[in-house]
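Shown here: coords30.txt, compact mmCIF, C-alpha atoms.
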```
# COMPACT_ATOMS: atom_id res chain seq x y z
CA MET A 1285 -2.72 -34.27 59.79
CA MET A 1286 -0.81 -37.27 61.08
CA GLU A 1287 2.06 -36.39 63.41
CA ILE A 1288 5.37 -38.00 62.38
CA ILE A 1289 7.60 -38.33 65.44
CA PRO A 1290 11.30 -39.15 64.90
CA ALA A 1291 12.89 -41.37 67.53
CA ILE A 1292 16.20 -41.09 69.32
CA ASP A 1293 17.20 -44.15 71.34
CA LEU A 1294 20.00 -43.49 73.81
CA LYS A 1295 22.48 -46.19 74.78
CA ASP A 1296 25.93 -45.55 76.27
CA GLY A 1297 25.48 -41.87 75.47
CA ARG A 1298 24.99 -42.51 71.76
CA CYS A 1299 22.08 -42.56 69.34
CA VAL A 1300 21.42 -46.19 68.39
CA ARG A 1301 18.77 -48.49 66.97
CA LEU A 1302 18.15 -52.06 68.09
CA VAL A 1303 16.55 -54.88 66.12
CA GLN A 1304 13.45 -56.30 67.86
CA GLY A 1305 14.63 -54.80 71.14
CA ASP A 1306 17.78 -56.97 71.20
CA TYR A 1307 20.55 -55.13 73.03
CA GLU A 1308 23.09 -57.32 71.20
CA GLN A 1309 21.82 -56.14 67.79
CA GLU A 1310 22.73 -52.49 67.94
CA THR A 1311 23.59 -50.01 65.20
CA VAL A 1312 25.14 -46.70 66.24
CA TYR A 1313 23.79 -43.85 64.11
CA SER A 1314 25.32 -40.90 65.93
CA GLN A 1315 27.82 -40.21 68.67
CA GLU A 1316 26.10 -36.82 69.17
CA PRO A 1317 22.45 -37.28 70.22
CA VAL A 1318 22.06 -33.57 71.02
CA GLN A 1319 23.02 -32.64 67.46
CA MET A 1320 20.68 -35.36 66.19
CA ALA A 1321 17.81 -33.87 68.22
CA ARG A 1322 18.52 -30.46 66.68
CA TYR A 1323 18.60 -32.08 63.24
CA TRP A 1324 15.11 -33.54 63.63
CA GLN A 1325 13.72 -30.22 64.82
CA ASN A 1326 15.27 -28.56 61.75
CA GLN A 1327 13.70 -31.23 59.51
CA GLY A 1328 10.27 -30.11 60.65
CA ALA A 1329 9.50 -32.52 63.48
CA ARG A 1330 6.68 -31.28 65.71
CA ARG A 1331 7.65 -33.65 68.54
CA LEU A 1332 10.62 -35.85 69.47
CA HIS A 1333 10.43 -39.39 70.84
CA LEU A 1334 13.30 -40.06 73.23
CA VAL A 1335 14.10 -43.41 74.85
CA ASP A 1336 16.68 -44.09 77.55
CA LEU A 1337 17.52 -47.70 76.59
CA ASP A 1338 20.03 -48.04 79.42
CA GLY A 1339 17.36 -46.75 81.80
CA ALA A 1340 14.83 -49.28 80.52
CA LYS A 1341 17.29 -52.08 81.13
CA ASP A 1342 18.49 -50.85 84.54
CA GLY A 1343 15.10 -49.71 85.84
CA LYS A 1344 16.26 -46.16 86.58
CA PRO A 1345 17.32 -43.07 84.58
CA VAL A 1346 20.82 -43.42 83.12
CA ASN A 1347 21.32 -40.87 80.33
CA LEU A 1348 20.15 -37.91 82.42
CA GLU A 1349 22.83 -35.45 81.35
CA ILE A 1350 22.18 -35.94 77.64
CA ILE A 1351 18.41 -35.79 78.17
CA ARG A 1352 18.81 -32.47 80.00
CA GLU A 1353 20.97 -31.14 77.15
CA ILE A 1354 18.37 -32.14 74.56
CA ILE A 1355 15.61 -30.45 76.57
CA GLY A 1356 17.76 -27.32 76.67
CA VAL A 1357 18.30 -27.03 72.91
CA LEU A 1358 14.85 -27.96 71.55
CA GLU A 1359 11.77 -25.80 71.14
CA ILE A 1360 9.49 -28.71 70.18
CA PRO A 1361 7.90 -30.96 72.83
CA ILE A 1362 9.65 -34.17 73.86
CA GLN A 1363 8.10 -37.44 74.97
CA LEU A 1364 10.39 -39.68 76.99
CA GLY A 1365 10.41 -43.32 78.01
CA GLY A 1366 12.83 -45.79 79.52
CA GLY A 1367 13.53 -46.48 83.19
CA ILE A 1368 10.66 -44.40 84.56
CA ARG A 1369 9.61 -46.59 87.46
CA SER A 1370 8.64 -44.15 90.22
CA LEU A 1371 6.54 -41.04 90.81
CA GLU A 1372 9.75 -39.22 91.79
CA THR A 1373 11.24 -39.87 88.35
CA ILE A 1374 8.01 -38.75 86.68
CA ASP A 1375 8.07 -35.56 88.77
CA TYR A 1376 11.72 -34.95 87.90
CA TYR A 1377 11.34 -35.32 84.14
CA LEU A 1378 8.15 -33.27 83.85
CA ALA A 1379 9.66 -30.51 85.98
CA ALA A 1380 12.81 -30.61 83.85
CA GLY A 1381 10.84 -29.80 80.70
CA ILE A 1382 9.75 -33.14 79.25
CA ASP A 1383 6.27 -32.69 77.74
CA ARG A 1384 5.04 -36.19 78.44
CA VAL A 1385 6.46 -39.35 79.96
CA ILE A 1386 5.91 -42.89 78.69
CA LEU A 1387 5.20 -45.52 81.33
CA GLY A 1388 5.65 -49.18 80.44
CA THR A 1389 6.91 -51.61 83.05
CA ILE A 1390 5.38 -49.76 86.02
CA ALA A 1391 2.00 -49.69 84.29
CA LEU A 1392 2.00 -53.46 84.58
CA GLU A 1393 3.80 -53.86 87.91
CA LYS A 1394 2.63 -50.78 89.83
CA PRO A 1395 -0.59 -49.44 88.28
CA GLU A 1396 -1.20 -47.37 91.41
CA ILE A 1397 1.76 -45.15 90.40
CA VAL A 1398 0.20 -44.59 86.97
CA LYS A 1399 -3.10 -43.71 88.62
CA GLU A 1400 -1.38 -41.23 90.91
CA ALA A 1401 0.55 -39.68 88.02
CA LEU A 1402 -2.61 -39.34 85.93
CA GLU A 1403 -4.43 -37.67 88.80
CA LYS A 1404 -1.50 -35.31 89.40
CA TYR A 1405 -0.60 -34.38 85.81
CA GLY A 1406 -3.54 -35.37 83.61
CA ALA A 1407 -3.80 -37.72 80.64
CA GLU A 1408 -2.08 -35.21 78.33
CA ARG A 1409 1.27 -35.72 80.05
CA ILE A 1410 1.13 -39.42 80.95
CA VAL A 1411 1.38 -41.91 78.08
CA VAL A 1412 1.29 -45.68 78.50
CA GLY A 1413 3.70 -47.73 76.42
CA VAL A 1414 2.23 -51.05 75.37
CA ASP A 1415 5.01 -53.21 73.96
CA ALA A 1416 3.94 -56.60 72.66
CA ARG A 1417 5.53 -59.85 71.64
CA ASP A 1418 3.04 -62.32 70.14
CA GLY A 1419 0.19 -60.31 71.65
CA LYS A 1420 1.64 -60.46 75.18
CA LEU A 1421 3.19 -57.55 77.04
CA ALA A 1422 6.98 -57.22 77.19
CA ILE A 1423 8.54 -55.41 80.16
CA GLN A 1424 11.90 -54.60 81.78
CA GLY A 1425 13.35 -53.08 78.59
CA TRP A 1426 11.67 -55.86 76.56
CA LEU A 1427 13.83 -58.44 78.31
CA GLU A 1428 10.83 -60.20 79.91
CA THR A 1429 7.39 -61.18 78.61
CA SER A 1430 4.25 -61.05 80.76
CA SER A 1431 1.18 -63.27 80.52
CA ARG A 1432 -1.02 -60.19 80.15
CA THR A 1433 -2.45 -59.25 76.76
CA VAL A 1434 -2.32 -55.85 75.09
CA GLU A 1435 -6.09 -55.45 75.21
CA GLU A 1436 -6.27 -56.25 78.93
CA MET A 1437 -3.57 -53.67 79.62
CA ILE A 1438 -5.22 -50.95 77.57
CA GLN A 1439 -8.59 -51.50 79.24
CA GLU A 1440 -7.05 -51.46 82.73
CA MET A 1441 -5.08 -48.26 82.08
CA LYS A 1442 -8.10 -46.64 80.43
CA GLU A 1443 -10.10 -47.25 83.60
CA LEU A 1444 -7.37 -45.44 85.55
CA GLY A 1445 -7.70 -42.43 83.23
CA ALA A 1446 -5.06 -43.03 80.53
CA ARG A 1447 -6.02 -41.84 77.08
CA THR A 1448 -2.86 -42.13 74.96
CA PHE A 1449 -1.04 -45.39 74.28
CA ILE A 1450 2.08 -46.15 72.26
CA TYR A 1451 1.73 -49.59 70.72
CA THR A 1452 4.87 -51.37 69.58
CA ASP A 1453 4.93 -54.81 68.03
CA ILE A 1454 8.46 -55.87 69.03
CA SER A 1455 8.69 -58.39 66.19
CA LYS A 1456 8.40 -55.45 63.78
CA ASP A 1457 10.66 -52.97 65.59
CA GLY A 1458 13.85 -52.12 63.73
CA THR A 1459 13.05 -54.57 60.92
CA LEU A 1460 11.64 -52.24 58.22
CA LYS A 1461 8.99 -54.90 57.51
CA GLY A 1462 5.95 -52.68 57.97
CA PRO A 1463 3.83 -51.92 61.04
CA ASP A 1464 1.29 -54.25 62.65
CA LEU A 1465 -1.68 -52.72 60.85
CA GLU A 1466 -4.14 -55.32 62.12
CA GLY A 1467 -3.22 -54.79 65.78
CA LEU A 1468 -3.06 -51.02 65.45
CA LYS A 1469 -6.49 -50.85 63.82
CA LYS A 1470 -7.98 -53.14 66.48
CA TYR A 1471 -6.60 -51.22 69.46
CA ASN A 1472 -7.21 -47.78 67.97
CA GLN A 1473 -10.91 -48.62 67.68
CA ILE A 1474 -11.23 -48.97 71.47
CA PRO A 1475 -13.46 -46.00 72.41
CA GLY A 1476 -11.96 -43.06 74.27
CA ILE A 1477 -8.29 -43.66 73.51
CA GLU A 1478 -5.68 -42.75 70.91
CA VAL A 1479 -2.99 -45.18 69.79
CA ILE A 1480 0.40 -43.95 68.59
CA ALA A 1481 1.99 -46.40 66.14
CA SER A 1482 5.54 -47.56 66.71
CA GLY A 1483 7.71 -50.19 65.05
CA GLY A 1484 8.23 -51.45 61.52
CA VAL A 1485 7.58 -48.32 59.45
CA SER A 1486 9.63 -48.71 56.27
CA SER A 1487 8.18 -46.42 53.62
CA PHE A 1488 5.85 -43.58 52.74
CA ALA A 1489 3.29 -46.24 51.77
CA ASP A 1490 3.31 -47.43 55.40
CA LEU A 1491 2.57 -43.89 56.57
CA LYS A 1492 -0.35 -43.65 54.15
CA GLU A 1493 -1.73 -46.99 55.34
CA LEU A 1494 -1.49 -45.90 58.97
CA ALA A 1495 -3.32 -42.67 58.16
CA GLY A 1496 -5.92 -44.73 56.32
CA ILE A 1497 -6.77 -46.79 59.41
CA GLY A 1498 -7.14 -43.68 61.56
CA ILE A 1499 -3.73 -43.47 63.23
CA LYS A 1500 -2.98 -39.82 64.07
CA SER A 1501 0.64 -40.17 65.30
CA VAL A 1502 3.50 -42.45 64.30
CA ILE A 1503 7.00 -42.90 65.70
CA VAL A 1504 9.69 -43.46 63.07
CA GLY A 1505 13.20 -44.68 63.80
CA LYS A 1506 15.20 -46.97 61.55
CA ALA A 1507 13.38 -45.94 58.36
CA PHE A 1508 14.78 -42.43 58.82
CA TYR A 1509 18.27 -43.45 59.93
CA SER A 1510 18.74 -46.04 57.19
CA GLY A 1511 17.55 -43.71 54.44
CA ALA A 1512 14.49 -45.84 53.61
CA LEU A 1513 12.29 -42.80 54.28
CA ASP A 1514 12.90 -39.17 53.35
CA ASN A 1515 14.11 -37.32 56.46
CA ASN A 1516 12.39 -34.11 55.37
CA ILE A 1517 9.40 -34.31 57.70
CA ARG A 1518 7.88 -31.08 56.36
CA LYS A 1519 7.80 -32.64 52.90
CA LEU A 1520 6.28 -35.87 54.25
CA ASP A 1521 3.61 -33.82 56.03
CA GLN A 1522 2.74 -32.07 52.75
CA GLU A 1523 2.60 -35.33 50.82
CA LEU A 1524 0.36 -36.96 53.42
CA ALA A 1525 -1.91 -33.91 53.28
CA GLY A 1526 -2.23 -34.39 49.52
CA GLY A 1527 0.40 -31.93 48.43
CA ARG A 1528 -1.31 -28.94 49.97
```

Using the file provided, produce a representation of the structure as structure tokens.
Amino acid sequence: MMEIIPAIDLKDGRCVRLVQGDYEQETVYSQEPVQMARYWQNQGARRLHLVDLDGAKDGKPVNLEIIREIIGVLEIPIQLGGGIRSLETIDYYLAAGIDRVILGTIALEKPEIVKEALEKYGAERIVVGVDARDGKLAIQGWLETSSRTVEEMIQEMKELGARTFIYTDISKDGTLKGPDLEGLKKYNQIPGIEVIASGGVSSFADLKELAGIGIKSVIVGKAFYSGALDNNIRKLDQELAGGR
């Protein structure tokens, strides 16, 4: 069964969504991210995707207090990204109760930290975020674009021991225009890894298409918050399983 993972993006202590990673194109969906986290757990989520947008931009954790509160109220595992640029921060979050951390910018700039984290915690707890704009990697909270390609990055991180990658096509993120099926299929076929889809999901049909190309986990944000997709994750799970 495909895992549907609702997203909470934190900015200025609120739950927001950006369009294509643009910090100037922000929609506030909740002033109470802790209540929103509880809501998704009650809707049947089996995991929560949490992003510290301020942390991604500043290069260090920013919304620590809210993140700690969310950890304290949830029973489901949480994956967290945004501003995780040192082994100390990785240690802190995993010790605090985060199930797995998502490493993006440091995977490109300091791969030795990723290697160390993988050796210390294992591939189950260290996820690499591969965020792409026109096939090239975006870093520093998506504010900068690297010359490196997605495939190069995946292969390099795989050699270091990474097994799980979150692939986001930034041009699709927050647009409700459908995921990058071609890219997701291509990268998910690389042996020995699993790709989590992120960005662009707009409908149940998108979820079915992702399942059809072998994607086992998908992160959903705006489609839930805008009402384009039923928020009842238990019901979506049943429908994807064929009504069983």

With all atoms listed in the file as the atoms that count, which of A:Gly1419, A:Gly1511, A:Pro1317, A:Gly1496 lies nearest to Tyr1471 in chain A?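 Once distances to Tyr1471 in chain A are computed over all atoms listed in the file, the minimum belongs to A:Gly1419.
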
Produce a table with one row for each residue of range 1436-1491 of chain A that has an atom at most 12 Å from any atom of range 1368-1391 of chain A, each row naming the nearest atom pair and its distance in Å at one decimal; use all atoms listed in the file; arrange rows by chain and rising residue number; format as a Markdown table.
```
| residue | atom | partner | partner_atom | distance |
| --- | --- | --- | --- | --- |
| A:Glu1436 | CA | A:Ala1391 | CA | 11.8 |
| A:Met1437 | CA | A:Ala1391 | CA | 8.3 |
| A:Ile1438 | CA | A:Ala1391 | CA | 9.9 |
| A:Gln1439 | CA | A:Ala1391 | CA | 11.9 |
| A:Glu1440 | CA | A:Ala1391 | CA | 9.4 |
| A:Met1441 | CA | A:Ala1391 | CA | 7.6 |
| A:Lys1442 | CA | A:Ala1391 | CA | 11.2 |
| A:Leu1444 | CA | A:Ala1391 | CA | 10.4 |
| A:Ala1446 | CA | A:Ala1391 | CA | 10.4 |
| A:Thr1448 | CA | A:Ile1386 | CA | 9.6 |
| A:Phe1449 | CA | A:Ile1386 | CA | 8.6 |
| A:Ile1450 | CA | A:Ile1386 | CA | 8.2 |
| A:Tyr1451 | CA | A:Gly1388 | CA | 10.5 |
| A:Thr1452 | CA | A:Gly1388 | CA | 11.1 |
| A:Ile1480 | CA | A:Ile1386 | CA | 11.6 |
```

d(CA of Leu1465 in chain A, CA of Val1479 in chain A) in Å: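 Taking CA of Leu1465 in chain A and CA of Val1479 in chain A, their separation equals 11.8 Å.
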
So the first atom is CA of Gly1413 in chain A and the second is CA of Arg1330 in chain A; what is the distance between them in Å, to one decimal place?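 Straight-line distance from CA of Gly1413 in chain A to CA of Arg1330 in chain A works out to 19.9 Å.
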
Separation of CA of Ile1288 in chain A and CA of Ser1455 in chain A, in Å? 21.0 Å

Once N, CA and C atoms are restored for range 1376-1400 of chain A, what would the output be as a PDB file, in the coordinates of the input?
```pdb
ATOM      1  N   TYR A1376      10.444 -35.546  88.319  1.00  0.00           N
ATOM      2  CA  TYR A1376      11.720 -34.950  87.900  1.00  0.00           C
ATOM      3  C   TYR A1376      11.690 -34.600  86.414  1.00  0.00           C
ATOM      4  N   TYR A1377      11.295 -35.551  85.587  1.00  0.00           N
ATOM      5  CA  TYR A1377      11.340 -35.320  84.140  1.00  0.00           C
ATOM      6  C   TYR A1377      10.338 -34.239  83.707  1.00  0.00           C
ATOM      7  N   LEU A1378       9.138 -34.274  84.247  1.00  0.00           N
ATOM      8  CA  LEU A1378       8.150 -33.270  83.850  1.00  0.00           C
ATOM      9  C   LEU A1378       8.555 -31.879  84.323  1.00  0.00           C
ATOM     10  N   ALA A1379       9.160 -31.805  85.487  1.00  0.00           N
ATOM     11  CA  ALA A1379       9.660 -30.510  85.980  1.00  0.00           C
ATOM     12  C   ALA A1379      10.846 -30.024  85.162  1.00  0.00           C
ATOM     13  N   ALA A1380      11.614 -30.971  84.626  1.00  0.00           N
ATOM     14  CA  ALA A1380      12.810 -30.610  83.850  1.00  0.00           C
ATOM     15  C   ALA A1380      12.484 -30.108  82.446  1.00  0.00           C
ATOM     16  N   GLY A1381      11.229 -30.313  82.009  1.00  0.00           N
ATOM     17  CA  GLY A1381      10.840 -29.800  80.700  1.00  0.00           C
ATOM     18  C   GLY A1381      10.377 -30.838  79.706  1.00  0.00           C
ATOM     19  N   ILE A1382      10.330 -32.110  80.111  1.00  0.00           N
ATOM     20  CA  ILE A1382       9.750 -33.140  79.250  1.00  0.00           C
ATOM     21  C   ILE A1382       8.241 -32.889  79.154  1.00  0.00           C
ATOM     22  N   ASP A1383       7.692 -32.966  77.938  1.00  0.00           N
ATOM     23  CA  ASP A1383       6.270 -32.690  77.740  1.00  0.00           C
ATOM     24  C   ASP A1383       5.397 -33.820  78.250  1.00  0.00           C
ATOM     25  N   ARG A1384       5.792 -35.060  77.937  1.00  0.00           N
ATOM     26  CA  ARG A1384       5.040 -36.190  78.440  1.00  0.00           C
ATOM     27  C   ARG A1384       5.943 -37.406  78.620  1.00  0.00           C
ATOM     28  N   VAL A1385       5.664 -38.171  79.669  1.00  0.00           N
ATOM     29  CA  VAL A1385       6.460 -39.350  79.960  1.00  0.00           C
ATOM     30  C   VAL A1385       5.704 -40.596  79.522  1.00  0.00           C
ATOM     31  N   ILE A1386       6.479 -41.625  79.165  1.00  0.00           N
ATOM     32  CA  ILE A1386       5.910 -42.890  78.690  1.00  0.00           C
ATOM     33  C   ILE A1386       6.171 -43.949  79.759  1.00  0.00           C
ATOM     34  N   LEU A1387       5.098 -44.539  80.261  1.00  0.00           N
ATOM     35  CA  LEU A1387       5.200 -45.520  81.330  1.00  0.00           C
ATOM     36  C   LEU A1387       4.888 -46.905  80.778  1.00  0.00           C
ATOM     37  N   GLY A1388       5.827 -47.831  80.960  1.00  0.00           N
ATOM     38  CA  GLY A1388       5.650 -49.180  80.440  1.00  0.00           C
ATOM     39  C   GLY A1388       5.623 -50.215  81.542  1.00  0.00           C
ATOM     40  N   THR A1389       6.799 -50.558  82.036  1.00  0.00           N
ATOM     41  CA  THR A1389       6.910 -51.610  83.050  1.00  0.00           C
ATOM     42  C   THR A1389       6.076 -51.306  84.296  1.00  0.00           C
ATOM     43  N   ILE A1390       6.120 -50.047  84.775  1.00  0.00           N
ATOM     44  CA  ILE A1390       5.380 -49.760  86.020  1.00  0.00           C
ATOM     45  C   ILE A1390       3.867 -49.785  85.806  1.00  0.00           C
ATOM     46  N   ALA A1391       3.437 -49.596  84.559  1.00  0.00           N
ATOM     47  CA  ALA A1391       2.000 -49.690  84.290  1.00  0.00           C
ATOM     48  C   ALA A1391       1.508 -51.100  84.574  1.00  0.00           C
ATOM     49  N   LEU A1392       2.359 -52.069  84.328  1.00  0.00           N
ATOM     50  CA  LEU A1392       2.000 -53.460  84.580  1.00  0.00           C
ATOM     51  C   LEU A1392       2.252 -53.837  86.040  1.00  0.00           C
ATOM     52  N   GLU A1393       3.387 -53.412  86.575  1.00  0.00           N
ATOM     53  CA  GLU A1393       3.800 -53.860  87.910  1.00  0.00           C
ATOM     54  C   GLU A1393       3.257 -52.994  89.041  1.00  0.00           C
ATOM     55  N   LYS A1394       3.088 -51.688  88.779  1.00  0.00           N
ATOM     56  CA  LYS A1394       2.630 -50.780  89.830  1.00  0.00           C
ATOM     57  C   LYS A1394       1.597 -49.804  89.264  1.00  0.00           C
ATOM     58  N   PRO A1395       0.424 -50.312  88.887  1.00  0.00           N
ATOM     59  CA  PRO A1395      -0.590 -49.440  88.280  1.00  0.00           C
ATOM     60  C   PRO A1395      -1.002 -48.287  89.183  1.00  0.00           C
ATOM     61  N   GLU A1396      -0.825 -48.452  90.495  1.00  0.00           N
ATOM     62  CA  GLU A1396      -1.200 -47.370  91.410  1.00  0.00           C
ATOM     63  C   GLU A1396      -0.346 -46.111  91.172  1.00  0.00           C
ATOM     64  N   ILE A1397       0.898 -46.295  90.708  1.00  0.00           N
ATOM     65  CA  ILE A1397       1.760 -45.150  90.400  1.00  0.00           C
ATOM     66  C   ILE A1397       1.231 -44.428  89.164  1.00  0.00           C
ATOM     67  N   VAL A1398       0.788 -45.195  88.175  1.00  0.00           N
ATOM     68  CA  VAL A1398       0.200 -44.590  86.970  1.00  0.00           C
ATOM     69  C   VAL A1398      -1.043 -43.805  87.338  1.00  0.00           C
ATOM     70  N   LYS A1399      -1.867 -44.388  88.181  1.00  0.00           N
ATOM     71  CA  LYS A1399      -3.100 -43.710  88.620  1.00  0.00           C
ATOM     72  C   LYS A1399      -2.767 -42.395  89.309  1.00  0.00           C
ATOM     73  N   GLU A1400      -1.788 -42.437  90.188  1.00  0.00           N
ATOM     74  CA  GLU A1400      -1.380 -41.230  90.910  1.00  0.00           C
ATOM     75  C   GLU A1400      -0.840 -40.176  89.956  1.00  0.00           C
TER      76      GLU A1400
END
```
